[in-house]
>>> print(open('start.cif').read())   # mmCIF, C-alpha atoms and all ligand atoms
data_query
#
loop_
_atom_site.label_atom_id
_atom_site.label_comp_id
_atom_site.auth_asym_id
_atom_site.auth_seq_id
_atom_site.Cartn_x
_atom_site.Cartn_y
_atom_site.Cartn_z
CA MET A 1161 -5.02 -0.63 12.31
CA SER A 1162 -6.93 -1.13 15.54
CA GLU A 1163 -5.05 -2.33 18.60
CA ASN A 1164 -6.73 -5.70 18.42
CA LEU A 1165 -5.82 -6.25 14.77
CA GLU A 1166 -2.27 -5.19 15.45
CA THR A 1167 -2.03 -7.81 18.19
CA LEU A 1168 -3.45 -10.48 15.88
CA CYS A 1169 -0.97 -9.59 13.14
CA SER A 1170 1.91 -9.66 15.59
CA ARG A 1171 0.78 -13.19 16.45
CA VAL A 1172 1.54 -14.06 12.81
CA ASP A 1173 5.11 -12.80 13.23
CA GLU A 1174 5.48 -14.77 16.46
CA SER A 1175 4.14 -17.91 14.73
CA ARG A 1176 6.49 -17.89 11.75
CA ASP A 1177 8.28 -21.11 12.73
CA SER A 1178 5.09 -23.09 13.31
CA MET A 1179 3.55 -21.75 10.09
CA LEU A 1180 6.62 -22.85 8.12
CA ALA A 1181 6.44 -26.24 9.86
CA THR A 1182 2.82 -26.65 8.68
CA TRP A 1183 3.77 -25.64 5.13
CA LYS A 1184 6.62 -28.19 5.18
CA LEU A 1185 4.35 -30.92 6.57
CA LEU A 1186 1.90 -30.40 3.71
CA VAL A 1187 4.55 -30.21 0.96
CA ASP A 1188 6.59 -33.20 2.12
CA ARG A 1189 3.77 -35.67 1.51
CA ASP A 1190 3.16 -37.23 -1.89
CA CYS A 1191 -0.43 -36.33 -2.70
CA GLY A 1192 -0.87 -36.20 -6.44
CA SER A 1193 -4.51 -36.47 -7.51
CA LYS A 1194 -3.96 -40.13 -8.48
CA ASN A 1195 -2.70 -40.98 -4.99
CA LYS A 1196 -5.94 -41.19 -3.03
CA ALA A 1197 -4.21 -42.56 0.08
CA GLY A 1198 -1.73 -39.66 0.03
CA VAL A 1199 -4.41 -37.00 -0.41
CA ASP A 1200 -6.54 -38.55 2.33
CA ALA A 1201 -3.51 -38.62 4.65
CA VAL A 1202 -3.03 -34.88 4.14
CA GLY A 1203 -6.78 -34.53 4.80
CA GLN A 1204 -6.21 -36.17 8.19
CA ASP A 1205 -3.31 -33.80 8.98
CA VAL A 1206 -5.50 -30.83 8.11
CA LYS A 1207 -8.43 -32.25 10.07
CA GLY A 1208 -6.30 -32.34 13.23
CA ILE A 1209 -5.12 -28.75 12.74
CA LEU A 1210 -8.66 -27.47 12.12
CA GLU A 1211 -10.09 -29.39 15.08
CA SER A 1212 -7.60 -27.69 17.37
CA ALA A 1213 -8.81 -24.37 15.89
CA GLY A 1214 -12.37 -25.10 17.03
CA PHE A 1215 -13.74 -26.73 13.86
CA LYS A 1216 -15.94 -29.79 13.43
CA VAL A 1217 -14.59 -31.77 10.47
CA ARG A 1218 -16.27 -34.28 8.16
CA PHE A 1219 -15.49 -35.77 4.76
CA TYR A 1220 -17.31 -36.68 1.59
CA GLU A 1221 -15.71 -40.04 0.84
CA TYR A 1222 -15.11 -41.02 -2.78
CA PRO A 1223 -13.95 -44.52 -3.75
CA GLU A 1224 -11.73 -43.35 -6.63
CA ALA A 1225 -10.72 -39.80 -5.70
CA GLY A 1226 -9.29 -37.88 -2.75
CA ASN A 1227 -11.98 -37.11 -0.17
CA LEU A 1228 -13.57 -33.66 0.16
CA LEU A 1229 -12.95 -32.05 3.56
CA ILE A 1230 -15.66 -29.89 5.13
CA ALA A 1231 -14.89 -28.09 8.40
CA GLU A 1232 -17.32 -25.85 10.27
CA ARG A 1233 -16.89 -23.40 13.11
CA GLY A 1234 -19.91 -21.58 14.52
CA ASP A 1235 -23.51 -21.94 13.38
CA THR A 1236 -23.28 -22.43 9.62
CA THR A 1237 -27.05 -22.59 9.28
CA LYS A 1238 -26.63 -18.79 9.52
CA PRO A 1239 -24.80 -16.83 6.77
CA PHE A 1240 -21.19 -17.96 6.83
CA VAL A 1241 -17.84 -17.27 5.20
CA ALA A 1242 -16.53 -20.00 2.86
CA LEU A 1243 -12.76 -20.49 2.77
CA ILE A 1244 -11.76 -22.90 0.06
CA GLY A 1245 -8.92 -24.68 -1.70
CA HIS A 1246 -7.58 -28.11 -2.58
CA LEU A 1247 -5.22 -30.65 -1.01
CA ASP A 1248 -3.98 -32.53 -4.10
CA THR A 1249 -1.09 -31.68 -6.43
CA VAL A 1250 -0.18 -32.58 -10.01
CA PHE A 1251 2.97 -34.46 -8.99
CA ALA A 1252 3.71 -38.18 -9.14
CA ASP A 1253 4.71 -40.31 -6.16
CA GLY A 1254 8.35 -39.90 -5.14
CA GLU A 1255 8.45 -36.18 -5.94
CA ALA A 1256 8.33 -35.14 -2.27
CA ALA A 1257 11.40 -37.27 -1.48
CA LYS A 1258 13.21 -35.99 -4.58
CA ARG A 1259 12.42 -32.31 -4.00
CA PRO A 1260 11.51 -31.83 -0.32
CA PHE A 1261 10.33 -28.49 1.12
CA THR A 1262 13.27 -26.11 0.97
CA ILE A 1263 13.72 -22.42 1.75
CA LYS A 1264 16.65 -20.56 0.25
CA ASP A 1265 16.93 -16.76 0.33
CA GLY A 1266 13.20 -16.35 0.93
CA VAL A 1267 12.24 -18.67 -1.94
CA VAL A 1268 10.30 -21.84 -1.13
CA THR A 1269 10.43 -24.92 -3.37
CA GLY A 1270 8.87 -28.39 -3.19
CA PRO A 1271 5.92 -30.06 -4.91
CA GLY A 1272 2.78 -27.98 -4.56
CA CYS A 1273 4.45 -25.30 -2.40
CA LEU A 1274 2.64 -22.66 -4.48
CA ASP A 1275 -0.31 -24.70 -5.79
CA MET A 1276 -1.54 -24.77 -3.18
CA LYS A 1277 0.00 -25.95 0.07
CA GLY A 1278 1.05 -22.36 0.82
CA GLY A 1279 -2.53 -21.13 0.47
CA VAL A 1280 -3.82 -23.96 2.67
CA THR A 1281 -1.22 -22.93 5.27
CA VAL A 1282 -2.48 -19.31 5.09
CA LEU A 1283 -6.01 -20.54 5.78
CA LEU A 1284 -5.01 -22.88 8.62
CA SER A 1285 -2.73 -20.33 10.27
CA ALA A 1286 -5.32 -17.55 10.23
CA MET A 1287 -7.95 -19.87 11.68
CA ARG A 1288 -5.62 -20.99 14.48
CA ILE A 1289 -4.71 -17.41 15.43
CA LEU A 1290 -8.32 -16.16 15.26
CA ASN A 1291 -9.50 -19.12 17.33
CA GLU A 1292 -6.91 -18.40 20.01
CA ALA A 1293 -8.18 -14.81 20.13
CA GLY A 1294 -11.80 -15.97 20.52
CA TRP A 1295 -12.87 -14.44 17.18
CA ASP A 1296 -16.47 -15.25 16.31
CA ARG A 1297 -17.56 -12.49 13.92
CA TYR A 1298 -18.83 -14.99 11.32
CA PRO A 1299 -19.47 -18.71 11.18
CA VAL A 1300 -16.84 -20.25 8.88
CA LYS A 1301 -16.97 -23.23 6.56
CA VAL A 1302 -13.69 -24.57 5.15
CA ILE A 1303 -14.05 -26.55 1.91
CA LEU A 1304 -10.92 -28.40 0.70
CA ALA A 1305 -11.18 -30.68 -2.32
CA GLY A 1306 -9.00 -33.77 -2.81
CA ASP A 1307 -9.15 -34.02 -6.60
CA GLU A 1308 -9.12 -30.49 -8.03
CA GLU A 1309 -6.10 -31.08 -10.23
CA ALA A 1310 -7.89 -34.07 -11.78
CA GLY A 1311 -10.92 -31.90 -12.53
CA HIS A 1312 -13.14 -33.98 -10.18
CA GLN A 1313 -13.64 -36.48 -12.99
CA LYS A 1314 -13.99 -39.43 -10.60
CA SER A 1315 -16.05 -37.84 -7.84
CA THR A 1316 -19.17 -35.78 -7.26
CA ALA A 1317 -17.10 -33.02 -5.61
CA VAL A 1318 -18.37 -30.17 -7.84
CA ARG A 1319 -21.99 -30.95 -6.95
CA ASP A 1320 -21.08 -31.51 -3.28
CA MET A 1321 -19.14 -28.23 -3.07
CA MET A 1322 -22.04 -26.33 -4.65
CA ALA A 1323 -24.40 -27.81 -2.07
CA GLU A 1324 -22.03 -26.93 0.79
CA ALA A 1325 -21.55 -23.37 -0.52
CA LYS A 1326 -25.26 -22.56 -0.37
CA GLY A 1327 -25.90 -19.89 2.23
CA ALA A 1328 -22.39 -18.44 2.16
CA LEU A 1329 -22.06 -14.64 2.41
CA PHE A 1330 -18.94 -14.78 0.28
CA GLY A 1331 -16.08 -17.08 -0.61
CA LEU A 1332 -12.31 -16.67 -0.57
CA ASN A 1333 -10.08 -19.17 -2.38
CA PHE A 1334 -6.40 -19.49 -1.45
CA GLU A 1335 -5.23 -20.73 -4.85
CA THR A 1336 -1.88 -19.84 -6.38
CA SER A 1337 -1.37 -16.10 -6.29
CA PHE A 1338 0.67 -13.72 -8.38
CA LYS A 1339 3.71 -11.53 -7.75
CA ASP A 1340 1.90 -8.49 -9.18
CA ASN A 1341 -0.80 -8.71 -6.45
CA SER A 1342 -3.55 -9.53 -8.90
CA VAL A 1343 -6.41 -11.76 -7.79
CA VAL A 1344 -8.96 -13.63 -9.86
CA ILE A 1345 -12.70 -13.05 -10.18
CA GLU A 1346 -13.30 -14.93 -13.43
CA ARG A 1347 -11.93 -18.20 -14.83
CA LYS A 1348 -12.63 -19.94 -18.07
CA GLY A 1349 -14.08 -23.43 -18.03
CA VAL A 1350 -12.27 -26.27 -19.78
CA ALA A 1351 -13.60 -29.23 -21.74
CA THR A 1352 -11.89 -31.77 -23.98
CA PHE A 1353 -13.47 -33.82 -26.74
CA ARG A 1354 -12.16 -36.71 -28.83
CA PHE A 1355 -13.19 -37.41 -32.41
CA ASP A 1356 -12.81 -40.97 -33.74
CA VAL A 1357 -13.26 -41.49 -37.45
CA GLN A 1358 -13.78 -44.94 -38.92
CA GLY A 1359 -12.95 -45.16 -42.63
CA ILE A 1360 -12.37 -48.09 -45.01
CA GLY A 1361 -8.86 -49.39 -45.52
CA ALA A 1362 -7.51 -50.33 -48.93
CA HIS A 1363 -4.19 -50.90 -50.75
CA VAL A 1364 -3.51 -47.60 -52.48
CA GLY A 1365 -1.63 -49.20 -55.37
CA ASN A 1366 -3.93 -52.06 -56.26
CA ASN A 1367 -7.23 -50.53 -55.19
CA PRO A 1368 -6.92 -46.71 -55.10
CA LYS A 1369 -10.66 -46.12 -55.29
CA GLY A 1370 -11.64 -48.83 -52.82
CA GLY A 1371 -10.79 -47.00 -49.61
CA ARG A 1372 -12.45 -44.22 -47.63
CA SER A 1373 -9.71 -42.24 -45.89
CA ALA A 1374 -10.37 -41.48 -42.24
CA ILE A 1375 -7.55 -38.90 -42.50
CA THR A 1376 -9.25 -37.02 -45.34
CA GLU A 1377 -12.47 -36.99 -43.33
CA ILE A 1378 -10.88 -35.70 -40.14
CA ALA A 1379 -8.88 -33.05 -42.03
CA ALA A 1380 -12.16 -31.59 -43.32
CA LYS A 1381 -13.61 -31.66 -39.83
CA VAL A 1382 -10.63 -29.83 -38.25
CA ALA A 1383 -11.44 -26.64 -40.19
CA ASP A 1384 -15.05 -26.81 -38.98
CA ILE A 1385 -13.92 -27.41 -35.39
CA ASN A 1386 -11.63 -24.35 -35.54
CA ALA A 1387 -14.50 -22.28 -36.92
CA LEU A 1388 -16.44 -22.76 -33.66
CA THR A 1389 -14.00 -20.36 -31.94
CA ASP A 1390 -15.78 -17.14 -30.99
CA TYR A 1391 -13.51 -14.57 -29.37
CA ASP A 1392 -16.39 -12.21 -28.59
CA GLU A 1393 -18.12 -14.97 -26.66
CA GLY A 1394 -14.82 -15.88 -24.98
CA THR A 1395 -14.80 -19.38 -26.45
CA THR A 1396 -11.71 -20.87 -28.08
CA LEU A 1397 -11.08 -24.32 -29.54
CA ASN A 1398 -7.74 -25.99 -30.20
CA VAL A 1399 -7.20 -29.28 -32.01
CA GLY A 1400 -4.08 -30.11 -30.03
CA VAL A 1401 -3.61 -33.79 -30.90
CA ILE A 1402 -4.24 -35.65 -34.14
CA GLY A 1403 -3.37 -39.07 -35.47
CA GLY A 1404 -4.40 -41.76 -37.89
CA GLY A 1405 -3.38 -44.36 -40.44
CA THR A 1406 -0.61 -46.91 -40.21
CA VAL A 1407 1.60 -46.85 -43.33
CA PRO A 1408 1.87 -44.54 -46.38
CA ASN A 1409 0.68 -47.18 -48.83
CA ALA A 1410 -2.64 -47.91 -47.16
CA CYS A 1411 -5.77 -45.79 -47.11
CA ALA A 1412 -6.26 -44.83 -43.45
CA GLU A 1413 -8.94 -46.88 -41.76
CA LYS A 1414 -8.86 -44.88 -38.53
CA ALA A 1415 -8.09 -41.31 -37.46
CA PHE A 1416 -8.66 -39.32 -34.30
CA CYS A 1417 -8.16 -35.87 -32.84
CA VAL A 1418 -8.47 -34.33 -29.39
CA VAL A 1419 -9.90 -30.85 -28.95
CA ASP A 1420 -9.40 -28.45 -26.01
CA VAL A 1421 -12.23 -25.98 -25.42
CA ARG A 1422 -12.03 -22.88 -23.16
CA TYR A 1423 -15.26 -21.03 -22.47
CA LYS A 1424 -16.62 -18.30 -20.22
CA GLY A 1425 -20.13 -19.49 -19.46
CA GLU A 1426 -22.61 -22.30 -19.93
CA ALA A 1427 -23.97 -20.71 -23.13
CA GLY A 1428 -20.53 -21.10 -24.73
CA ILE A 1429 -20.05 -24.77 -23.86
CA THR A 1430 -23.66 -25.60 -24.82
CA ARG A 1431 -23.10 -24.08 -28.27
CA VAL A 1432 -19.79 -25.94 -28.68
CA ARG A 1433 -21.27 -29.31 -27.63
CA ALA A 1434 -24.04 -28.95 -30.24
CA GLY A 1435 -21.56 -27.72 -32.85
CA LEU A 1436 -19.13 -30.59 -32.34
CA LYS A 1437 -21.96 -33.12 -32.50
CA ALA A 1438 -23.11 -31.61 -35.83
CA ILE A 1439 -19.53 -31.78 -37.17
CA ALA A 1440 -19.29 -35.44 -36.15
CA ASP A 1441 -22.63 -36.23 -37.82
CA LYS A 1442 -21.78 -34.40 -41.05
CA VAL A 1443 -20.17 -36.84 -43.52
CA TYR A 1444 -17.71 -35.36 -46.02
CA LEU A 1445 -16.57 -38.66 -47.42
CA ASP A 1446 -19.31 -41.25 -47.92
CA GLY A 1447 -18.59 -44.47 -46.12
CA THR A 1448 -16.86 -42.90 -43.11
CA HIS A 1449 -18.40 -42.74 -39.66
CA THR A 1450 -17.43 -40.42 -36.77
CA GLU A 1451 -18.05 -40.51 -33.04
CA VAL A 1452 -17.35 -37.59 -30.70
CA THR A 1453 -16.80 -38.19 -26.97
CA GLU A 1454 -16.56 -35.63 -24.18
CA LEU A 1455 -13.49 -36.65 -22.17
CA PHE A 1456 -13.29 -33.91 -19.56
CA TYR A 1457 -15.33 -31.00 -18.29
CA PHE A 1458 -14.46 -28.36 -15.70
CA PRO A 1459 -16.95 -25.56 -15.10
CA ALA A 1460 -16.17 -21.89 -15.65
CA MET A 1461 -16.06 -19.35 -12.83
CA PRO A 1462 -18.34 -16.71 -14.30
CA ARG A 1463 -17.68 -13.05 -13.46
CA LEU A 1464 -20.42 -12.10 -11.00
CA GLU A 1465 -21.18 -8.44 -10.29
CA SER A 1466 -21.20 -9.47 -6.64
CA SER A 1467 -17.65 -10.89 -6.97
CA LEU A 1468 -16.48 -7.56 -8.35
CA GLU A 1469 -18.11 -5.77 -5.40
CA LEU A 1470 -16.49 -8.23 -2.99
CA PHE A 1471 -13.13 -7.59 -4.63
CA SER A 1472 -13.60 -3.80 -4.19
CA ARG A 1473 -14.32 -4.28 -0.48
CA VAL A 1474 -11.37 -6.63 0.00
CA ASN A 1475 -9.01 -4.32 -1.89
CA LYS A 1476 -10.18 -1.28 0.08
CA ILE A 1477 -9.58 -3.10 3.36
CA ALA A 1478 -6.14 -4.17 2.13
CA VAL A 1479 -5.09 -0.66 1.12
CA GLU A 1480 -6.48 0.93 4.30
CA HIS A 1481 -4.42 -1.48 6.38
CA GLY A 1482 -1.15 -1.01 4.53
CA PHE A 1483 -1.20 -4.07 2.26
CA PRO A 1484 -0.28 -3.69 -1.40
CA GLU A 1485 -3.10 -2.66 -3.73
CA MET A 1486 -4.61 -5.54 -5.71
CA THR A 1487 -6.06 -5.77 -9.19
CA ALA A 1488 -8.83 -8.15 -10.33
CA LYS A 1489 -8.46 -10.22 -13.47
CA GLY A 1490 -9.87 -13.13 -15.43
CA VAL A 1491 -7.68 -16.13 -16.34
CA GLY A 1492 -7.89 -19.15 -18.62
CA GLY A 1493 -7.29 -21.89 -16.03
CA GLY A 1494 -10.00 -23.34 -13.80
CA SER A 1495 -10.37 -23.59 -10.01
CA ASP A 1496 -12.95 -24.67 -7.48
CA SER A 1497 -14.16 -21.09 -7.17
CA ALA A 1498 -16.36 -22.16 -10.09
CA ALA A 1499 -18.47 -24.27 -7.72
CA LEU A 1500 -19.04 -21.25 -5.46
CA THR A 1501 -19.95 -18.82 -8.22
CA MET A 1502 -22.25 -21.43 -9.80
CA ALA A 1503 -24.01 -21.54 -6.42
CA GLY A 1504 -24.31 -17.73 -6.66
CA VAL A 1505 -21.71 -17.00 -3.96
CA PRO A 1506 -19.52 -13.92 -4.62
CA THR A 1507 -15.95 -15.16 -4.66
CA VAL A 1508 -12.42 -13.81 -4.87
CA CYS A 1509 -9.84 -16.39 -5.95
CA ALA A 1510 -6.03 -16.58 -5.84
CA LEU A 1511 -5.47 -15.18 -2.34
CA GLY A 1512 -2.79 -17.77 -1.55
CA VAL A 1513 0.98 -17.37 -1.48
CA LYS A 1514 2.69 -15.66 -4.38
CA GLY A 1515 5.05 -17.26 -6.85
CA GLU A 1516 5.37 -18.65 -10.35
CA PHE A 1517 5.46 -21.77 -12.51
CA ASN A 1518 2.87 -23.98 -10.83
CA HIS A 1519 2.44 -27.51 -12.20
CA THR A 1520 6.18 -27.64 -13.09
CA VAL A 1521 9.42 -28.51 -11.30
CA ARG A 1522 10.31 -24.80 -11.55
CA GLU A 1523 7.42 -23.95 -9.17
CA TYR A 1524 8.42 -21.63 -6.34
CA ALA A 1525 6.68 -19.51 -3.72
CA MET A 1526 7.82 -16.40 -1.88
CA GLU A 1527 8.27 -17.13 1.83
CA ASP A 1528 7.20 -13.65 2.97
CA SER A 1529 3.91 -13.86 1.11
CA LEU A 1530 2.81 -16.60 3.55
CA PHE A 1531 2.92 -14.12 6.43
CA GLU A 1532 1.54 -11.18 4.44
CA ARG A 1533 -1.43 -13.17 3.12
CA THR A 1534 -2.20 -14.62 6.58
CA LYS A 1535 -2.27 -11.09 8.02
CA LEU A 1536 -4.47 -9.98 5.14
CA LEU A 1537 -6.94 -12.81 5.72
CA ILE A 1538 -7.12 -12.01 9.44
CA THR A 1539 -7.62 -8.32 8.60
CA ILE A 1540 -10.39 -9.09 6.11
CA LEU A 1541 -12.25 -11.37 8.52
CA CYS A 1542 -12.02 -8.82 11.34
CA THR A 1543 -13.12 -5.87 9.18
CA ILE A 1544 -15.47 -6.88 6.40
ZN ZN B 1 -4.48 -25.21 -7.54
#
>>> encode(input="start.cif", output="structure tokens")
Amino acid sequence: MSENLETLCSRVDESRDSMLATWKLLVDRDCGSKNKAGVDAVGQDVKGILESAGFKVRFYEYPEAGNLLIAERGDTTKPFVALIGHLDTVFADGEAAKRPFTIKDGVVTGPGCLDMKGGVTVLLSAMRILNEAGWDRYPVKVILAGDEEAGHQKSTAVRDMMAEAKGALFGLNFETSFKDNSVVIERKGVATFRFDVQGIGAHVGNNPKGGRSAITEIAAKVADINALTDYDEGTTLNVGVIGGGTVPNACAEKAFCVVDVRYKGEAGITRVRAGLKAIADKVYLDGTHTEVTELFYFPAMPRLESSLELFSRVNKIAVEHGFPEMTAKGVGGGSDSAALTMAGVPTVCALGVKGEFNHTVREYAMEDSLFERTKLLITILCTI
């Protein structure tokens, strides 16, 4: 490690208390995706911290979703580094008061401590320390979404992030990380669809031939929906919810099901959309009618060759500077790295703090990983 890097990393050790204070500040605020005011308040906290680290900060404002924070340092019309994450959590209001930020034996708990207030703290801390040292190796753009956990369903954040990512050399996302030092270069996309079948009701005793059972129709469709799964393509479908009818002695007038789809690339979701539409249009039982509605869509983070190369460079830097060796993997859950890779920007995801059980009350993060990952980020930005 060069003298300069050593000094910068020792600044992390000297800043432990203020870094933990930032982490606590971010965790102890209710900012579930549904709480726009809470997310926007955290956005203001983060704005202040980034401004004191030499950034100019602006927001994309959305009426029904947490705002998207964009912060720039240096001339971002030139190739820049994109550092990204999100400010919202999955937790309801009141959770922060019930389970405030706590550290016990090196284990941090509190809503969103792992996903991903710890990662945001890594990003903010590294920027503050690099700014104090006058670092200006690359222009930097920080992109922090306010509605990631809600899949950006009520905003144009995916499109806006893609536009902001254009021109980036590479992207690093400080999402939830793993105890085994793996990071993520590929994520499946997620979509959900709802089928609604309209049948004809009838009394099954007095008029057994008069009805058209919506349940019989949807049962036939479920097998066809399952058959759209293609493991080689990386596409899986799951009919996770089903319902219909009212009482045993009536032919069911209505039935519905909800389908979860995981896919690796646009080709997969395009095939599934067409397939589900064909299944809805196909009538097994004359007299029934089916509508299919797409409820939710979150893009995939496709595996780019350039992301794999970026990972190799990052891992080499880590190992050369005494950090644990990393592995690259693909996972089933989405993140905003999708927006970067869709814009063609090589991206490594899950560089945040390490822990387990995000999205649950069992969520925890390892305190030490905050300092290790901040040193790693500083080392990457000074070396790559
Ligand atoms: Zn997250």
>>> closest_residue(input="start.cif", among="A:Ser1472, A:Ser1193, A:Thr1182, A:Thr1249", to="ligand ZN 1 (chain B)", atoms="only C-alpha atoms and all ligand atoms")
A:Thr1249
>>> closest_residue(input="start.cif", among="A:Pro1484, A:Gly1272, A:Gly1266, A:Gly1278", to="Glu1527 in chain A", atoms="all atoms listed in the file")
A:Gly1266
>>> atom_distance(input="start.cif", atom1="CA of Gln1358 in chain A", atom2="CA of Thr1376 in chain A")
11.2 Å
>>> closest_atom_pairs(input="start.cif", of="chain A", to="ligand ZN 1 (chain B)", cutoff="6 Å", atoms="only C-alpha atoms and all ligand atoms", output="Markdown table")
| residue | atom | partner | partner_atom | distance |
| --- | --- | --- | --- | --- |
| A:Asp1275 | CA | B:ZN1 | ZN | 4.6 |
| A:Met1276 | CA | B:ZN1 | ZN | 5.3 |
| A:Glu1335 | CA | B:ZN1 | ZN | 5.3 |
>>> closest_residue(input="start.cif", among="A:Met1502, A:Glu1166, A:Leu1180, A:Gly1394", to="Phe1261 in chain A", atoms="all atoms listed in the file")
A:Leu1180
>>> residues_around(input="start.cif", residues="Leu1165 in chain A", least_positions_apart="6", cutoff="9 Å", atoms="all atoms listed in the file", output="short mmCIF file (atom, residue, chain, number, x, y, z; two decimals) with C-alpha atoms, keeping the file's coordinate frame")
data_model
loop_
_atom_site.label_atom_id
_atom_site.label_comp_id
_atom_site.auth_asym_id
_atom_site.auth_seq_id
_atom_site.Cartn_x
_atom_site.Cartn_y
_atom_site.Cartn_z
CA ILE A 1538 -7.12 -12.01 9.44
CA THR A 1539 -7.62 -8.32 8.60
CA CYS A 1542 -12.02 -8.82 11.34
#
>>> closest_residue(input="start.cif", among="A:Asp1392, A:Met1486, A:Gly1494, A:Tyr1524", to="Asp1340 in chain A", atoms="all atoms listed in the file")
A:Met1486
>>> residues_around(input="start.cif", residues="Glu1454 in chain A", least_positions_apart="4", cutoff="8 Å", atoms="all atoms listed in the file", output="PDB file with C-alpha atoms, in the coordinates of the input")
ATOM      1  CA  ALA A1351     -13.600 -29.230 -21.740  1.00  0.00           C
ATOM      2  CA  THR A1352     -11.890 -31.770 -23.980  1.00  0.00           C
ATOM      3  CA  PHE A1353     -13.470 -33.820 -26.740  1.00  0.00           C
ATOM      4  CA  ARG A1354     -12.160 -36.710 -28.830  1.00  0.00           C
TER       5      ARG A1354
END
>>> residues_around(input="start.cif", residues="Ala1438 in chain A", least_positions_apart="5", cutoff="10 Å", atoms="all atoms listed in the file", output="count of residues only")
5
>>> axis_aligned_box(input="start.cif", around="range 1376-1379 of chain A", padding_each_side="4 Å", output="lines of an AutoDock Vina configuration file")
center_x = -10.7
center_y = -35.0
center_z = -42.7
size_x = 11.6
size_y = 12.0
size_z = 13.2
>>> closest_residue(input="start.cif", among="A:Asp1177, A:Asp1356, A:Ala1286, A:Phe1330", to="Asp1441 in chain A", atoms="all atoms listed in the file")
A:Asp1356
>>> closest_atom_pairs(input="start.cif", of="range 1167-1201 of chain A", to="range 1304-1325 of chain A", cutoff="8 Å", atoms="only C-alpha atoms", output="tab-separated table")
residue	atom	partner	partner_atom	distance
A:Ser1193	CA	A:Asp1307	CA	5.3
A:Lys1194	CA	A:Ala1310	CA	7.9
A:Val1199	CA	A:Gly1306	CA	6.1
A:Asp1200	CA	A:Gly1306	CA	7.4
>>> write_last_selection(input="start.cif", atoms="C-alpha atoms", output="mmCIF file, in the coordinates of the input")
data_model
loop_
_atom_site.group_PDB
_atom_site.id
_atom_site.type_symbol
_atom_site.label_atom_id
_atom_site.label_comp_id
_atom_site.auth_asym_id
_atom_site.auth_seq_id
_atom_site.Cartn_x
_atom_site.Cartn_y
_atom_site.Cartn_z
ATOM 1 C CA SER A 1193 -4.510 -36.470 -7.510
ATOM 2 C CA LYS A 1194 -3.960 -40.130 -8.480
ATOM 3 C CA VAL A 1199 -4.410 -37.000 -0.410
ATOM 4 C CA ASP A 1200 -6.540 -38.550 2.330
#
